[in-house]
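*Asks:* Sharing upload.cif, mmCIF, C-alpha atoms:
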```cif
data_final
loop_
_atom_site.label_atom_id
_atom_site.label_comp_id
_atom_site.auth_asym_id
_atom_site.auth_seq_id
_atom_site.Cartn_x
_atom_site.Cartn_y
_atom_site.Cartn_z
CA MET A 231 -120.69 39.26 -160.35
CA LYS A 232 -118.62 38.27 -157.34
CA ASN A 233 -117.97 40.92 -154.81
CA PRO A 234 -114.18 41.29 -154.59
CA ILE A 235 -114.39 42.91 -151.18
CA GLU A 236 -115.40 39.54 -149.75
CA LYS A 237 -111.89 38.31 -150.40
CA LEU A 238 -110.25 41.16 -148.50
CA ASN A 239 -108.98 39.95 -145.19
CA LYS A 240 -110.44 41.84 -142.23
CA VAL A 241 -107.23 41.40 -140.26
CA PHE A 242 -105.33 43.40 -142.88
CA GLU A 243 -107.66 46.36 -142.78
CA SER A 244 -105.36 48.11 -140.36
CA ARG A 245 -102.52 49.91 -142.11
CA ILE A 246 -100.06 48.88 -139.45
CA ARG A 247 -100.90 45.18 -139.64
CA LEU A 248 -100.66 45.35 -143.41
CA GLY A 249 -97.35 47.15 -143.02
CA VAL A 250 -95.98 44.46 -140.71
CA MET A 251 -96.96 41.77 -143.21
CA SER A 252 -95.40 43.71 -146.12
CA VAL A 253 -92.12 43.95 -144.27
CA LEU A 254 -92.08 40.34 -143.09
CA VAL A 255 -92.93 38.90 -146.49
CA VAL A 256 -89.64 40.22 -147.93
CA ASN A 257 -87.50 39.83 -144.81
CA GLU A 258 -86.79 36.46 -143.25
CA GLU A 259 -87.19 37.96 -139.80
CA MET A 260 -87.23 41.34 -138.16
CA ASN A 261 -87.02 42.50 -134.58
CA PHE A 262 -89.38 44.76 -132.72
CA LYS A 263 -87.16 47.81 -132.79
CA ASP A 264 -86.56 47.69 -136.53
CA LEU A 265 -90.27 47.16 -137.21
CA LYS A 266 -91.09 50.12 -135.04
CA GLN A 267 -88.62 52.31 -136.90
CA LEU A 268 -89.84 51.23 -140.30
CA LEU A 269 -93.52 51.67 -139.58
CA GLU A 270 -93.06 54.78 -137.44
CA VAL A 271 -95.42 53.70 -134.68
CA THR A 272 -95.34 53.65 -130.89
CA ASP A 273 -94.38 50.57 -128.85
CA GLY A 274 -97.86 49.93 -127.51
CA ASN A 275 -99.56 50.38 -130.84
CA LEU A 276 -97.20 48.02 -132.60
CA ALA A 277 -97.41 45.43 -129.83
CA THR A 278 -101.21 45.36 -130.04
CA HIS A 279 -101.20 44.82 -133.77
CA LEU A 280 -98.49 42.18 -133.57
CA ALA A 281 -100.56 40.32 -130.99
CA VAL A 282 -103.54 40.26 -133.35
CA LEU A 283 -101.40 38.91 -136.17
CA GLU A 284 -99.97 36.26 -133.88
CA GLU A 285 -103.41 35.19 -132.65
CA ASN A 286 -104.44 34.70 -136.26
CA GLY A 287 -101.40 32.53 -136.87
CA PHE A 288 -99.97 34.89 -139.47
CA ILE A 289 -96.69 35.52 -137.70
CA LYS A 290 -94.38 33.60 -135.39
CA VAL A 291 -92.71 35.23 -132.42
CA HIS A 292 -89.24 34.33 -131.15
CA LYS A 293 -88.20 35.72 -127.85
CA GLY A 294 -84.46 35.88 -127.52
CA PHE A 295 -81.82 37.78 -125.64
CA ILE A 296 -78.89 39.91 -126.63
CA GLY A 297 -76.96 40.00 -123.41
CA ARG A 298 -79.60 40.85 -120.86
CA LYS A 299 -81.83 42.79 -123.19
CA THR A 300 -84.75 41.02 -124.75
CA ASN A 301 -84.67 40.73 -128.50
CA THR A 302 -88.02 39.66 -129.89
CA THR A 303 -88.05 38.77 -133.57
CA TYR A 304 -90.97 38.11 -135.86
CA GLN A 305 -91.33 35.81 -138.83
CA ILE A 306 -94.16 35.32 -141.26
CA THR A 307 -95.87 31.89 -141.27
CA LYS A 308 -96.88 29.89 -144.36
CA ASN A 309 -100.47 30.67 -143.53
CA GLY A 310 -99.68 34.35 -143.11
CA GLU A 311 -97.90 34.53 -146.43
CA ARG A 312 -100.83 32.85 -148.22
CA SER A 313 -103.40 35.13 -146.61
CA PHE A 314 -101.31 38.20 -147.41
CA ARG A 315 -100.95 37.21 -151.06
CA ASN A 316 -104.69 36.54 -151.34
CA HIS A 317 -105.35 39.95 -149.85
CA LEU A 318 -103.01 41.57 -152.37
CA GLU A 319 -104.71 39.76 -155.23
CA ALA A 320 -108.07 40.96 -154.00
CA LEU A 321 -106.76 44.54 -153.89
CA GLU A 322 -105.36 44.20 -157.39
CA SER A 323 -108.61 42.84 -158.78
CA MET A 324 -110.44 45.75 -157.20
CA ILE A 325 -108.16 48.15 -159.04
CA ARG A 326 -108.73 46.29 -162.29
CA ASP A 327 -112.48 46.53 -161.79
CA LEU A 328 -112.23 50.23 -161.15
CA GLU A 329 -110.37 50.86 -164.38
CA MET B 130 -110.90 53.46 -142.58
CA GLU B 131 -110.53 51.69 -145.91
CA SER B 132 -108.27 53.77 -148.13
CA LYS B 133 -108.04 53.46 -151.89
CA PRO B 134 -106.70 50.07 -152.94
CA SER B 135 -104.16 51.62 -155.29
CA GLU B 136 -102.77 53.74 -152.47
CA THR B 137 -102.65 50.75 -150.17
CA LEU B 138 -100.76 48.76 -152.79
CA SER B 139 -98.21 51.49 -153.36
CA ASP B 140 -97.76 51.78 -149.59
CA ILE B 141 -97.09 48.08 -149.44
CA ARG B 142 -94.60 48.26 -152.28
CA ARG B 143 -92.81 51.18 -150.66
CA LEU B 144 -92.51 49.35 -147.35
CA MET B 145 -91.24 46.17 -149.00
CA GLU B 146 -88.63 48.16 -150.89
CA ARG B 147 -87.60 50.26 -147.91
CA SER B 148 -87.35 47.29 -145.57
CA SER B 149 -85.28 45.15 -147.91
CA ARG B 150 -83.04 47.60 -149.76
CA PHE B 151 -80.85 50.45 -148.66
CA SER B 152 -81.69 53.05 -151.29
CA LEU B 153 -79.99 56.05 -149.75
CA LEU B 154 -76.51 55.14 -150.93
CA SER B 155 -75.06 58.41 -152.16
CA GLY B 156 -73.52 58.49 -155.62
CA TYR B 157 -70.91 60.89 -154.27
CA SER B 158 -69.71 58.12 -151.96
CA LEU B 159 -68.61 56.08 -154.93
CA VAL B 160 -67.20 59.12 -156.74
CA ALA B 161 -65.13 59.96 -153.66
CA ALA B 162 -63.97 56.37 -153.33
CA GLY B 163 -63.08 56.38 -157.01
CA LEU B 164 -61.04 59.57 -156.68
CA CYS B 165 -59.18 58.01 -153.76
CA GLY B 166 -58.57 54.98 -155.95
CA LEU B 167 -57.15 57.14 -158.73
CA ALA B 168 -54.94 59.04 -156.31
CA GLY B 169 -53.74 55.78 -154.77
CA VAL B 170 -52.88 54.23 -158.10
CA TRP B 171 -51.09 57.42 -159.19
CA GLN B 172 -49.07 57.41 -156.00
CA ALA B 173 -48.19 53.74 -156.49
CA HIS B 174 -47.15 54.50 -160.05
CA LEU B 175 -44.89 57.32 -158.87
CA GLU B 176 -43.31 55.08 -156.27
CA ILE B 177 -42.61 52.35 -158.77
CA VAL B 178 -41.12 54.82 -161.23
CA HIS B 179 -39.12 56.34 -158.43
CA ALA B 180 -37.76 52.96 -157.44
CA GLY B 181 -36.36 52.51 -160.91
CA THR B 182 -38.20 50.18 -163.22
CA SER B 183 -41.53 48.47 -162.80
CA GLY B 184 -39.62 45.24 -162.29
CA ALA B 185 -38.13 46.69 -159.14
CA LEU B 186 -40.26 44.46 -156.92
CA MET B 187 -38.60 41.35 -158.27
CA ALA B 188 -35.13 42.83 -158.22
CA GLU B 189 -35.64 43.90 -154.67
CA ARG B 190 -36.73 40.46 -153.65
CA ALA B 191 -33.80 38.87 -155.44
CA ALA B 192 -31.47 41.21 -153.61
CA GLY B 193 -33.06 40.29 -150.30
CA GLY B 194 -33.65 42.75 -147.51
CA GLY B 195 -34.53 46.29 -148.65
CA GLU B 196 -38.30 45.89 -148.78
CA SER B 197 -38.83 49.61 -148.94
CA LEU B 198 -40.79 49.76 -152.20
CA THR B 199 -43.09 46.88 -151.22
CA ASP B 200 -43.65 48.44 -147.84
CA ARG B 201 -44.45 51.79 -149.37
CA LEU B 202 -46.88 50.21 -151.84
CA ILE B 203 -48.65 48.35 -149.06
CA LEU B 204 -48.84 51.56 -147.04
CA THR B 205 -50.24 53.41 -150.06
CA GLY B 206 -52.85 50.70 -150.52
CA CYS B 207 -53.92 50.83 -146.89
CA ILE B 208 -54.17 54.62 -146.81
CA THR B 209 -56.14 54.60 -150.05
CA LEU B 210 -58.56 52.01 -148.71
CA LEU B 211 -59.03 53.86 -145.45
CA ALA B 212 -59.60 57.21 -147.17
CA ALA B 213 -62.03 55.65 -149.65
CA VAL B 214 -64.08 53.96 -146.93
CA LEU B 215 -64.18 57.05 -144.71
CA LEU B 216 -65.14 59.44 -147.50
CA GLY B 217 -67.63 56.93 -148.90
CA TYR B 218 -69.25 56.55 -145.52
CA LEU B 219 -69.27 60.33 -144.99
CA PHE B 220 -71.29 61.20 -148.10
CA THR B 221 -73.89 58.51 -147.46
CA TRP B 222 -74.09 59.56 -143.83
CA LEU B 223 -74.71 63.17 -144.86
CA LYS B 224 -77.48 62.07 -147.21
CA VAL B 225 -79.11 59.86 -144.59
CA ARG B 226 -78.93 62.63 -142.00
CA GLN B 227 -80.67 64.98 -144.39
CA LYS B 228 -83.58 62.53 -144.67
CA LYS B 229 -83.67 62.10 -140.90
CA VAL B 230 -83.72 58.32 -140.77
CA PRO B 231 -81.36 56.38 -138.53
CA LEU B 232 -78.38 55.07 -140.50
CA TRP B 233 -77.86 51.90 -138.56
CA ASP B 234 -81.11 50.07 -139.17
CA ALA B 235 -81.80 46.52 -140.29
CA VAL B 236 -81.11 47.10 -143.98
CA VAL B 237 -77.82 48.87 -143.41
CA ARG B 238 -76.70 46.00 -141.19
CA LYS B 239 -77.52 43.57 -143.98
CA VAL B 240 -75.68 45.56 -146.63
CA THR B 241 -72.68 45.95 -144.37
CA VAL B 242 -72.52 42.27 -143.48
CA HIS B 243 -72.96 41.06 -147.05
CA PHE B 244 -70.38 43.55 -148.33
CA THR B 245 -67.87 42.84 -145.61
CA ILE B 246 -67.72 39.04 -145.76
CA PRO B 247 -66.18 38.72 -149.26
CA LEU B 248 -64.10 41.85 -148.74
CA PHE B 249 -62.68 40.58 -145.46
CA THR B 250 -61.94 37.20 -147.06
CA GLY B 251 -60.12 38.99 -149.87
CA GLY B 252 -58.24 41.13 -147.39
CA VAL B 253 -56.95 38.11 -145.49
CA PHE B 254 -56.05 36.41 -148.77
CA VAL B 255 -54.07 39.45 -149.92
CA ILE B 256 -52.28 39.69 -146.58
CA GLY B 257 -51.43 36.02 -146.96
CA MET B 258 -49.98 36.63 -150.43
CA ILE B 259 -47.90 39.51 -149.13
CA TYR B 260 -46.70 37.35 -146.26
CA PHE B 261 -45.50 34.67 -148.68
CA TYR B 262 -44.03 37.23 -151.11
CA GLN B 263 -46.51 36.35 -153.86
CA TYR B 264 -47.13 39.79 -155.33
CA ARG B 265 -48.16 38.85 -158.82
CA PHE B 266 -51.88 38.36 -158.18
CA ILE B 267 -52.50 41.01 -155.53
CA ALA B 268 -54.23 43.44 -157.89
CA THR B 269 -56.27 40.59 -159.38
CA ALA B 270 -57.39 39.42 -155.96
CA CYS B 271 -58.31 42.97 -154.91
CA LEU B 272 -60.49 43.43 -157.98
CA LEU B 273 -62.11 39.99 -157.80
CA PHE B 274 -62.99 40.13 -154.11
CA TYR B 275 -64.16 43.74 -154.34
CA GLY B 276 -66.36 42.73 -157.26
CA LEU B 277 -67.80 39.77 -155.36
CA ALA B 278 -68.45 41.97 -152.33
CA LEU B 279 -70.34 44.46 -154.49
CA VAL B 280 -72.43 41.76 -156.19
CA ASN B 281 -73.21 40.23 -152.81
CA ALA B 282 -74.24 43.56 -151.28
CA SER B 283 -76.26 44.56 -154.34
CA HIS B 284 -79.13 42.32 -153.24
CA TYR B 285 -79.83 44.80 -150.49
CA THR B 286 -79.06 48.14 -152.06
CA VAL B 287 -79.10 50.18 -155.26
CA ARG B 288 -79.15 47.87 -158.27
CA THR B 289 -76.38 49.70 -160.13
CA ILE B 290 -73.97 48.20 -157.60
CA ARG B 291 -74.47 44.79 -159.17
CA SER B 292 -73.23 45.96 -162.58
CA LEU B 293 -70.32 47.69 -160.90
CA GLY B 294 -69.41 44.43 -159.16
CA LEU B 295 -69.58 42.42 -162.36
CA MET B 296 -67.34 44.94 -164.11
CA GLN B 297 -64.78 44.65 -161.30
CA ILE B 298 -64.78 40.87 -161.66
CA LEU B 299 -64.29 41.17 -165.41
CA LEU B 300 -61.37 43.56 -164.84
CA GLY B 301 -60.00 41.10 -162.31
CA PHE B 302 -59.90 38.43 -165.01
CA ILE B 303 -58.26 40.80 -167.47
CA CYS B 304 -55.71 41.70 -164.82
CA LEU B 305 -55.09 38.02 -164.10
CA PHE B 306 -54.16 37.16 -167.67
CA THR B 307 -52.52 40.39 -168.83
CA GLY B 308 -50.70 41.39 -165.67
CA TYR B 309 -51.45 45.09 -166.24
CA SER B 310 -52.06 45.53 -162.53
CA LEU B 311 -51.91 49.29 -162.23
CA VAL B 312 -54.01 49.92 -165.32
CA CYS B 313 -56.69 47.51 -164.14
CA LEU B 314 -56.66 48.94 -160.62
CA MET B 315 -56.96 52.44 -162.03
CA LEU B 316 -59.93 51.44 -164.19
CA GLY B 317 -61.59 49.31 -161.51
CA PHE B 318 -61.10 51.21 -158.28
CA GLY B 319 -60.90 54.60 -159.96
CA VAL B 320 -62.84 55.06 -163.17
CA MET B 321 -65.55 52.41 -162.60
CA ASN B 322 -66.40 53.68 -159.13
CA ILE B 323 -66.66 57.25 -160.38
CA VAL B 324 -68.84 56.27 -163.34
CA ALA B 325 -71.14 54.13 -161.17
CA GLY B 326 -71.33 56.95 -158.62
CA LEU B 327 -72.41 59.42 -161.28
CA VAL B 328 -74.96 56.94 -162.64
CA ILE B 329 -76.46 56.51 -159.16
CA ARG B 330 -76.40 60.25 -158.54
CA PHE B 331 -78.18 61.25 -161.73
CA LYS B 332 -80.42 58.27 -162.35
CA LYS B 333 -82.65 59.01 -159.38
CA GLN B 334 -83.24 62.70 -160.02
#
```
Can you give me the file's structure in the form of structure tokens?
*Replies:*
Amino acid sequence: MKNPIEKLNKVFESRIRLGVMSVLVVNEEMNFKDLKQLLEVTDGNLATHLAVLEENGFIKVHKGFIGRKTNTTYQITKNGERSFRNHLEALESMIRDLE
Amino acid sequence: MESKPSETLSDIRRLMERSSRFSLLSGYSLVAAGLCGLAGVWQAHLEIVHAGTSGALMAERAAGGGESLTDRLILTGCITLLAAVLLGYLFTWLKVRQKKVPLWDAVVRKVTVHFTIPLFTGGVFVIGMIYFYQYRFIATACLLFYGLALVNASHYTVRTIRSLGLMQILLGFICLFTGYSLVCLMLGFGVMNIVAGLVIRFKKQ
């Protein structure tokens, strides 16, 4: 039998990274502040996890300005969406195997 | 580190839902708005009766000048709208404050924008009709644009809002062809809002 855990994506092991992906898969884009509020994390923590997701090519970062304040928004990439869905399927098949 | 997959999945679902829909809309908001609607329609009815017959608008126009009834009806409409929006906002605000989440986050912005665009369009259209003395379809336009605004906003909030919007559009059509403006406004802005509010209030418990 195949081991379903193989299909789980290591990058999504962190709850926060998984949370970011969950939010971005249903929202076209979201800015840093709103992500922070939704996930209830600190600035530094969120920034670290976002950097990991960006390095993996799962999210795109747009740096913009509203007046003089920076407004950084995040979008999911095609690759990110595919990886996230695969991860979800792996989770679901694990549940099925447990039952 | 690895939590149960079923827990993880329900976490994911919760986050998706919370980040894309504003679920804290209070049923009492709609009930309050509906009561304002009923009061407004009742007041309008009294004014029309007071002015003589329900054909007074036309007579007044024919006579020229003396726009008092029209002016009073417009004023009634504006006050009703203002009261409905304020009370509606208040009850949702109270509910949000109870849950200790900031009211003005991404989802609320989305709901507001998607609700406001059709409503604003309708508002300008109605003002235009008043400006050109075309009163016949004002109630129809109010119902239709309110319905469209609700349907539009329903993508980002409680699903019941969609049915409410469709009902308003249907009433708008009925109003268009029958001309029973006050009855349709009473049903749409009054009764429908109250019913939908109660549905939202008691469905979730």
*Asks:* Run the PyMOL selection byres ((chain B) within 7 of (chain A)) against the file shown and list the residues it catches, as a ChimeraX atom specification.
*Replies:* /B:131,134-135,141,144-145,148-149,234-235
*Asks:* So that I have them on file, write out the residues from the current selection with C-alpha atoms, as a PDB file, in the coordinates of the input.
*Replies:*
```pdb
ATOM      1  CA  GLU B 131    -110.530  51.690-145.910  1.00  0.00           C
ATOM      2  CA  PRO B 134    -106.700  50.070-152.940  1.00  0.00           C
ATOM      3  CA  SER B 135    -104.160  51.620-155.290  1.00  0.00           C
ATOM      4  CA  ILE B 141     -97.090  48.080-149.440  1.00  0.00           C
ATOM      5  CA  LEU B 144     -92.510  49.350-147.350  1.00  0.00           C
ATOM      6  CA  MET B 145     -91.240  46.170-149.000  1.00  0.00           C
ATOM      7  CA  SER B 148     -87.350  47.290-145.570  1.00  0.00           C
ATOM      8  CA  SER B 149     -85.280  45.150-147.910  1.00  0.00           C
ATOM      9  CA  ASP B 234     -81.110  50.070-139.170  1.00  0.00           C
ATOM     10  CA  ALA B 235     -81.800  46.520-140.290  1.00  0.00           C
TER      11      ALA B 235
END
```
*Asks:* Find, counting all atoms listed in the file, the residue in A:Ile296, A:Arg247, A:Gln305, A:Asn239 that gets nearest to Leu276 in chain A.
*Replies:*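 Checking each of A:Ile296, A:Arg247, A:Gln305, A:Asn239 against Leu276 in chain A, counting all atoms listed in the file, the winner is A:Arg247.
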*Asks:* I'd like the residues picked by the PyMOL selection byres ((chain B and resi 157) around 8) written out as an MDAnalysis selection string, using the chain letters and numbers from the file.
*Replies:* chainID B and resid 155:156 158:161 217 220:221 326:327 330
*Asks:* Taking the file as shown, what set of residues would the PyMOL selection byres ((chain B and resi 255-259) around 10) give back, as a ChimeraX atom specification?
*Replies:* /B:199-200,203,249-254,260-271,274
*Asks:* Those same residues - C-alpha atoms - I'd like them written as a PDB file, keeping the file's coordinate frame.
*Replies:*
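Output file out.pdb follows:
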```pdb
ATOM      1  CA  THR B 199     -43.090  46.880-151.220  1.00  0.00           C
ATOM      2  CA  ASP B 200     -43.650  48.440-147.840  1.00  0.00           C
ATOM      3  CA  ILE B 203     -48.650  48.350-149.060  1.00  0.00           C
ATOM      4  CA  PHE B 249     -62.680  40.580-145.460  1.00  0.00           C
ATOM      5  CA  THR B 250     -61.940  37.200-147.060  1.00  0.00           C
ATOM      6  CA  GLY B 251     -60.120  38.990-149.870  1.00  0.00           C
ATOM      7  CA  GLY B 252     -58.240  41.130-147.390  1.00  0.00           C
ATOM      8  CA  VAL B 253     -56.950  38.110-145.490  1.00  0.00           C
ATOM      9  CA  PHE B 254     -56.050  36.410-148.770  1.00  0.00           C
ATOM     10  CA  TYR B 260     -46.700  37.350-146.260  1.00  0.00           C
ATOM     11  CA  PHE B 261     -45.500  34.670-148.680  1.00  0.00           C
ATOM     12  CA  TYR B 262     -44.030  37.230-151.110  1.00  0.00           C
ATOM     13  CA  GLN B 263     -46.510  36.350-153.860  1.00  0.00           C
ATOM     14  CA  TYR B 264     -47.130  39.790-155.330  1.00  0.00           C
ATOM     15  CA  ARG B 265     -48.160  38.850-158.820  1.00  0.00           C
ATOM     16  CA  PHE B 266     -51.880  38.360-158.180  1.00  0.00           C
ATOM     17  CA  ILE B 267     -52.500  41.010-155.530  1.00  0.00           C
ATOM     18  CA  ALA B 268     -54.230  43.440-157.890  1.00  0.00           C
ATOM     19  CA  THR B 269     -56.270  40.590-159.380  1.00  0.00           C
ATOM     20  CA  ALA B 270     -57.390  39.420-155.960  1.00  0.00           C
ATOM     21  CA  CYS B 271     -58.310  42.970-154.910  1.00  0.00           C
ATOM     22  CA  PHE B 274     -62.990  40.130-154.110  1.00  0.00           C
TER      23      PHE B 274
END
```
*Asks:* Would you kindly return, as a ChimeraX atom specification, each protein, DNA or RNA residue with an atom no farther than 10 Å from any atom of Leu280 in chain A, considering all atoms listed in the file and excluding same-chain residues fewer than 5 positions away?
*Replies:* /A:246-247,250-251,262,274-275,285-286,288-291,304
*Asks:* Quick one: axis-aligned box around all listed atoms of range 247-254 of chain A, 4 Å on every side, centre and edge lengths in Å to one decimal, written as lines of an AutoDock Vina configuration file.
*Replies:*
```
center_x = -96.5
center_y = 43.7
center_z = -142.9
size_x = 16.8
size_y = 14.8
size_z = 14.5
```
*Asks:* Measuring between only C-alpha atoms, which one of B:Phe306, B:Tyr275, B:Phe331, B:Phe318 shows the shortest distance to Ala168 in chain B?
*Replies:*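 For Ala168 in chain B, the nearest of the candidates is B:Phe318.
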*Asks:* As an exercise, work out the distance from CA of Leu167 in chain B to CA of Leu154 in chain B in Å and give it to one decimal place.
*Replies:* 21.0 Å
*Asks:* Determine the nearest neighbour of Leu272 in chain B from the options B:Val214, B:Val178, B:Ile329, B:Gly166, counting only C-alpha atoms.
*Replies:*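 Closest to Leu272 in chain B of all the choices is B:Gly166.
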*Asks:* Give me, as a list in words, all polymer residues having an atom no more than 9 Å from range 172-174 of chain B, counting all atoms listed in the file and skipping those fewer than 4 positions away in the same chain.
*Replies:*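 Contacts, with the query itself left out: Leu167, Ala168, Val178, His179, Ser183, Arg201, Leu202, Thr205, Gly206 and Leu311 of chain B.
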